[in-house]
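Below is the file protein.cif, which contains mmCIF, C-alpha atoms.
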data_input
loop_
_atom_site.label_atom_id
_atom_site.label_comp_id
_atom_site.auth_asym_id
_atom_site.auth_seq_id
_atom_site.Cartn_x
_atom_site.Cartn_y
_atom_site.Cartn_z
CA MET A 9 193.32 116.82 -124.63
CA ARG A 10 190.35 115.66 -122.67
CA ILE A 11 187.20 116.87 -120.97
CA VAL A 12 187.87 117.93 -117.38
CA GLU A 13 185.06 117.68 -114.84
CA ALA A 14 185.00 120.28 -112.08
CA SER A 15 182.49 120.83 -109.29
CA ARG A 16 180.84 123.92 -110.82
CA CYS A 17 181.46 123.40 -114.54
CA THR A 18 182.94 121.14 -117.19
CA LEU A 19 186.03 122.13 -119.15
CA GLU A 20 185.32 121.02 -122.70
CA PRO A 21 188.08 121.13 -125.37
CA LEU A 22 187.46 124.18 -127.56
CA VAL A 23 186.49 123.49 -131.20
CA VAL A 24 185.27 125.65 -134.09
CA ALA A 25 181.69 124.57 -133.40
CA HIS A 26 181.81 126.62 -130.16
CA ALA A 27 182.38 129.89 -132.04
CA GLN A 28 178.73 130.86 -132.51
CA VAL A 29 177.79 130.65 -128.84
CA MET A 30 181.15 131.90 -127.59
CA PHE A 31 180.88 134.97 -129.81
CA HIS A 32 177.88 136.04 -127.74
CA VAL A 33 179.58 135.13 -124.44
CA LEU A 34 182.71 137.08 -125.39
CA SER A 35 180.75 140.12 -126.59
CA ASP A 36 180.14 141.11 -122.95
CA PRO A 37 181.75 144.59 -122.71
CA ALA A 38 182.45 144.23 -118.97
CA ILE A 39 185.07 141.56 -119.73
CA TYR A 40 187.25 144.17 -121.45
CA GLU A 41 187.47 146.76 -118.67
CA PHE A 42 191.24 146.29 -118.38
CA GLU A 43 192.44 144.92 -121.73
CA ASN A 44 191.66 143.38 -125.10
CA GLU A 45 188.42 143.79 -127.00
CA PRO A 46 185.46 141.65 -128.05
CA PRO A 47 185.85 139.39 -131.09
CA ARG A 48 185.32 141.27 -134.37
CA SER A 49 182.78 138.82 -135.74
CA GLU A 50 181.58 135.28 -135.38
CA SER A 51 183.52 134.28 -138.52
CA TRP A 52 186.71 135.88 -137.14
CA LEU A 53 186.27 133.89 -133.93
CA ALA A 54 185.66 130.66 -135.90
CA GLU A 55 188.93 131.23 -137.81
CA ARG A 56 190.78 131.81 -134.53
CA TYR A 57 189.28 128.65 -133.04
CA ALA A 58 190.35 126.69 -136.13
CA ARG A 59 193.97 127.75 -135.46
CA LEU A 60 193.65 126.91 -131.78
CA GLU A 61 192.24 123.47 -132.59
CA ARG A 62 195.72 122.52 -133.85
CA ARG A 63 196.69 122.49 -130.15
CA ALA A 64 200.29 123.54 -130.98
CA SER A 65 202.29 126.49 -132.22
CA ALA A 66 203.39 126.43 -135.87
CA ASP A 67 206.89 125.27 -134.89
CA GLY A 68 205.51 122.66 -132.49
CA SER A 69 207.44 124.02 -129.51
CA GLN A 70 204.35 125.08 -127.54
CA VAL A 71 201.24 123.12 -126.64
CA TRP A 72 198.05 125.21 -126.88
CA LEU A 73 195.22 124.03 -124.64
CA ASN A 74 191.85 125.77 -124.68
CA TRP A 75 188.68 124.71 -122.92
CA VAL A 76 185.22 126.28 -122.93
CA LEU A 77 183.37 126.31 -119.62
CA ARG A 78 180.01 124.57 -119.61
CA LEU A 79 177.67 124.86 -116.64
CA PRO A 80 175.66 121.82 -115.46
CA GLY A 81 172.59 123.24 -117.27
CA GLY A 82 174.50 123.24 -120.59
CA GLU A 83 175.26 126.96 -120.94
CA LEU A 84 178.71 128.09 -122.13
CA VAL A 85 180.01 130.91 -119.92
CA GLY A 86 183.69 131.44 -120.74
CA TYR A 87 187.00 129.70 -121.27
CA VAL A 88 190.33 128.78 -119.72
CA GLN A 89 193.51 128.40 -121.71
CA ALA A 90 197.15 127.48 -121.31
CA THR A 91 200.27 127.70 -123.41
CA VAL A 92 202.62 124.94 -122.24
CA LEU A 93 206.25 125.86 -122.85
CA PRO A 94 209.16 123.43 -123.37
CA SER A 95 210.52 124.47 -119.95
CA GLY A 96 207.55 122.89 -118.16
CA ALA A 97 206.00 126.28 -117.44
CA ALA A 98 202.53 127.24 -118.64
CA LEU A 99 201.06 130.66 -119.29
CA VAL A 100 197.43 130.57 -118.18
CA ALA A 101 194.48 132.83 -118.94
CA TYR A 102 190.72 132.82 -118.55
CA GLU A 103 187.55 134.78 -119.37
CA LEU A 104 184.14 134.47 -117.80
CA ALA A 105 180.97 136.34 -118.74
CA SER A 106 180.42 139.06 -116.13
CA ARG A 107 177.04 137.73 -115.00
CA TYR A 108 178.92 134.71 -113.59
CA TRP A 109 181.58 136.63 -111.67
CA ARG A 110 181.84 136.15 -107.90
CA GLN A 111 180.12 132.75 -107.94
CA GLY A 112 183.24 130.58 -107.66
CA ILE A 113 182.96 129.36 -111.26
CA GLY A 114 186.17 131.02 -112.46
CA ARG A 115 188.18 129.85 -109.47
CA CYS A 116 186.83 126.31 -109.87
CA ALA A 117 187.60 126.24 -113.61
CA VAL A 118 191.11 127.63 -113.28
CA SER A 119 191.89 125.25 -110.42
CA ALA A 120 190.68 122.28 -112.50
CA MET A 121 192.83 123.45 -115.44
CA LEU A 122 195.92 123.76 -113.21
CA GLY A 123 195.38 120.21 -111.95
CA GLU A 124 195.04 118.90 -115.50
CA LEU A 125 198.16 120.76 -116.63
CA GLN A 126 200.19 119.35 -113.76
CA SER A 127 198.96 115.75 -114.02
CA SER A 128 198.69 115.33 -117.80
CA TYR A 129 201.28 117.79 -119.17
CA GLY A 130 203.96 117.87 -116.46
CA VAL A 131 203.62 121.58 -115.80
CA HIS A 132 205.47 122.69 -112.65
CA LEU A 133 205.26 126.48 -112.96
CA PHE A 134 202.10 128.42 -113.78
CA ALA A 135 202.28 132.07 -114.84
CA ALA A 136 199.59 134.62 -115.57
CA VAL A 137 200.31 138.00 -117.17
CA LEU A 138 197.62 140.59 -116.52
CA LYS A 139 197.05 144.31 -116.23
CA ALA A 140 198.20 145.45 -112.79
CA ALA A 141 194.86 147.26 -112.28
CA ASN A 142 192.81 144.09 -112.80
CA HIS A 143 191.90 143.60 -109.15
CA ARG A 144 189.36 140.82 -109.81
CA SER A 145 191.87 138.66 -111.64
CA LEU A 146 194.58 139.35 -109.06
CA GLY A 147 192.18 138.22 -106.34
CA LEU A 148 191.33 135.02 -108.18
CA LEU A 149 195.00 134.18 -108.70
CA ARG A 150 195.92 134.92 -105.09
CA SER A 151 193.08 132.67 -103.92
CA LEU A 152 194.70 129.85 -105.91
CA GLY A 153 198.14 130.38 -104.35
CA PHE A 154 199.75 132.54 -107.03
CA GLN A 155 202.41 135.01 -105.87
CA PRO A 156 204.01 138.03 -107.57
CA ALA A 157 206.76 136.96 -109.96
CA THR A 158 210.38 137.95 -109.55
CA SER A 159 211.64 140.66 -111.91
CA GLU A 160 213.46 137.93 -113.87
CA GLN A 161 210.25 135.93 -114.27
CA ALA A 162 208.32 139.05 -115.29
CA ALA A 163 210.90 139.69 -118.03
CA GLU A 164 210.87 136.01 -119.09
CA PHE A 165 207.09 136.07 -119.55
CA GLY A 166 207.13 139.38 -121.43
CA ALA A 167 205.33 141.65 -118.98
CA GLU A 168 204.83 145.25 -120.04
CA SER A 169 205.20 148.19 -117.65
CA ASP A 170 201.47 148.26 -116.80
CA GLU A 171 201.26 144.50 -116.22
CA SER A 172 201.80 142.13 -113.33
CA VAL A 173 202.99 138.56 -113.53
CA MET A 174 201.71 136.11 -110.96
CA VAL A 175 203.29 132.67 -110.60
CA LYS A 176 202.63 129.43 -108.81
CA SER A 177 205.17 126.62 -108.51
CA VAL A 178 204.20 123.00 -107.92
CA ALA A 179 206.21 119.81 -107.52
CA PRO A 180 206.56 117.91 -110.80
CA ILE A 181 204.62 114.67 -111.12
CA ALA A 182 206.89 111.85 -112.23
CA ASN A 183 204.34 110.07 -114.46
CA ALA A 184 202.98 113.11 -116.34
CA ALA A 185 202.78 112.66 -120.12
#

Written as structure tokens, that's how I'd like the structure from this file.
Amino acid sequence: MRIVEASRCTLEPLVVAHAQVMFHVLSDPAIYEFENEPPRSESWLAERYARLERRASADGSQVWLNWVLRLPGGELVGYVQATVLPSGAALVAYELASRYWRQGIGRCAVSAMLGELQSSYGVHLFAAVLKAANHRSLGLLRSLGFQPATSEQAAEFGAESDESVMVKSVAPIANAA
């Protein structure tokens, strides 16, 4: 896993040392309008990051990739993440502090992650599972070329009745790791 440079931010591999600052970033209540909740404590987040630093599921079948987003001035503002499945598909997700919404940072970061997943991990199908009411996230995904999943894909990726699955297919790169 490597650092990925993007035009509006740098994607830096997530490590436990990021927990203190990211706890404050992820405590923004606006992020949780549609789902999830803020981290319980800084120590809880550090423990989670320690698990994520392994970069793989316990059985080794999935690759876990998590990057924090660092602005050119040094500030951490969110994260992007991917779970790469043995099939060559990746589930992608992202969070950005609300004060940075609508500035192109999220779109830039997710786009950079998708490029990295395709070129370095051989991913050919991207999927995002999100609450159907999350209009901001749906807009971001559509701007990146994601389309609504088929009902079979929605079932494959475990969508619940109040969720949407958006997918994007790309041609495999022959030399991906």

Q: May I ask for the distance between atom CA of A:Leu138 and atom CA of A:Val173, given in Å to one decimal place?
A: 6.5 Å

**Q.** For A:Arg59, the nearest of the candidates A:Val178, A:Val23, A:Gly130, A:Ser119, counting only C-alpha atoms
**A.**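 Smallest distance to A:Arg59 is found for A:Val23.
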
Q: Could you give me, as a list in words, the residues within 10 Å of A:Val118, counting all atoms listed in the file and dropping anything in the same chain fewer than 4 positions from it?
A: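 Close residues of A:Val118: Ala14, Leu19, Tyr87, Val88, Gln89, Val100, Ala101, Tyr102, Ile113, Gly114, Leu122, Gly123, Glu124, Leu148, Leu149 and Leu152 of chain A.
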
For the selection you just gave me, I'd like the residues written to a file as an mmCIF file, in the frame of the given file, keeping C-alpha atoms.
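Saved file result06.cif follows:
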data_model
loop_
_atom_site.group_PDB
_atom_site.id
_atom_site.type_symbol
_atom_site.label_atom_id
_atom_site.label_comp_id
_atom_site.auth_asym_id
_atom_site.auth_seq_id
_atom_site.Cartn_x
_atom_site.Cartn_y
_atom_site.Cartn_z
ATOM 1 C CA ALA A 14 185.000 120.280 -112.080
ATOM 2 C CA LEU A 19 186.030 122.130 -119.150
ATOM 3 C CA TYR A 87 187.000 129.700 -121.270
ATOM 4 C CA VAL A 88 190.330 128.780 -119.720
ATOM 5 C CA GLN A 89 193.510 128.400 -121.710
ATOM 6 C CA VAL A 100 197.430 130.570 -118.180
ATOM 7 C CA ALA A 101 194.480 132.830 -118.940
ATOM 8 C CA TYR A 102 190.720 132.820 -118.550
ATOM 9 C CA ILE A 113 182.960 129.360 -111.260
ATOM 10 C CA GLY A 114 186.170 131.020 -112.460
ATOM 11 C CA LEU A 122 195.920 123.760 -113.210
ATOM 12 C CA GLY A 123 195.380 120.210 -111.950
ATOM 13 C CA GLU A 124 195.040 118.900 -115.500
ATOM 14 C CA LEU A 148 191.330 135.020 -108.180
ATOM 15 C CA LEU A 149 195.000 134.180 -108.700
ATOM 16 C CA LEU A 152 194.700 129.850 -105.910
#

**Q.** Distance in Å - atom CA of A:Ala97 versus atom CA of A:His26
**A.** 27.3 Å

Q. Care to translate the PyMOL selection byres ((chain A and resi 78) around 9) into actual residues of this file, as a PyMOL selection string?
A. chain A and resi 16-20+76-77+79-87

Q: Give me the result of the PyMOL selection byres ((chain A and resi 132) around 12) on this file, residue by residue, as a ChimeraX atom specification.
A: /A:92-99,122-131,133-135,175-182,184

Q | Resolved residues for the PyMOL selection byres ((chain A and resi 171) around 12) as a list in words | A | Phe42, Glu43, Ala136, Val137, Leu138, Lys139, Ala140, Ala141, Asn142, His143, Ser145, Leu146, Pro156, Ala157, Ser159, Ala162, Ala163, Phe165, Gly166, Ala167, Glu168, Ser169, Asp170, Ser172, Val173 and Met174 of chain A

Q) Suppose you want the space between atom CA of A:Arg56 and atom CA of A:Pro37; what is it in Å? A) 19.6 Å

Q: Identify which of the residues A:Arg10, A:Arg110, A:Arg115, A:Val24 lies closest to A:Gly153, counting only C-alpha atoms when measuring atom-to-atom distances.
A: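 Residue with the minimum atom-to-atom distance to A:Gly153: A:Arg115.
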
**Q.** Among the residues A:Phe154, A:Glu103, A:Pro21, A:Ala54, the one that comes closest to A:Tyr40 [using only C-alpha atoms]
**A.**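 Nearest to A:Tyr40: A:Glu103.
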
Q | Which of A:Trp109, A:Ile11, A:Leu22, A:Leu34 sits closest to A:Trp72 [using only C-alpha atoms] | A | A:Leu22

**Q.** Residue nearest A:Trp75 among A:Ser51, A:Arg62, A:Gln28, A:Met9 (counting all atoms listed in the file)
**A.** A:Met9
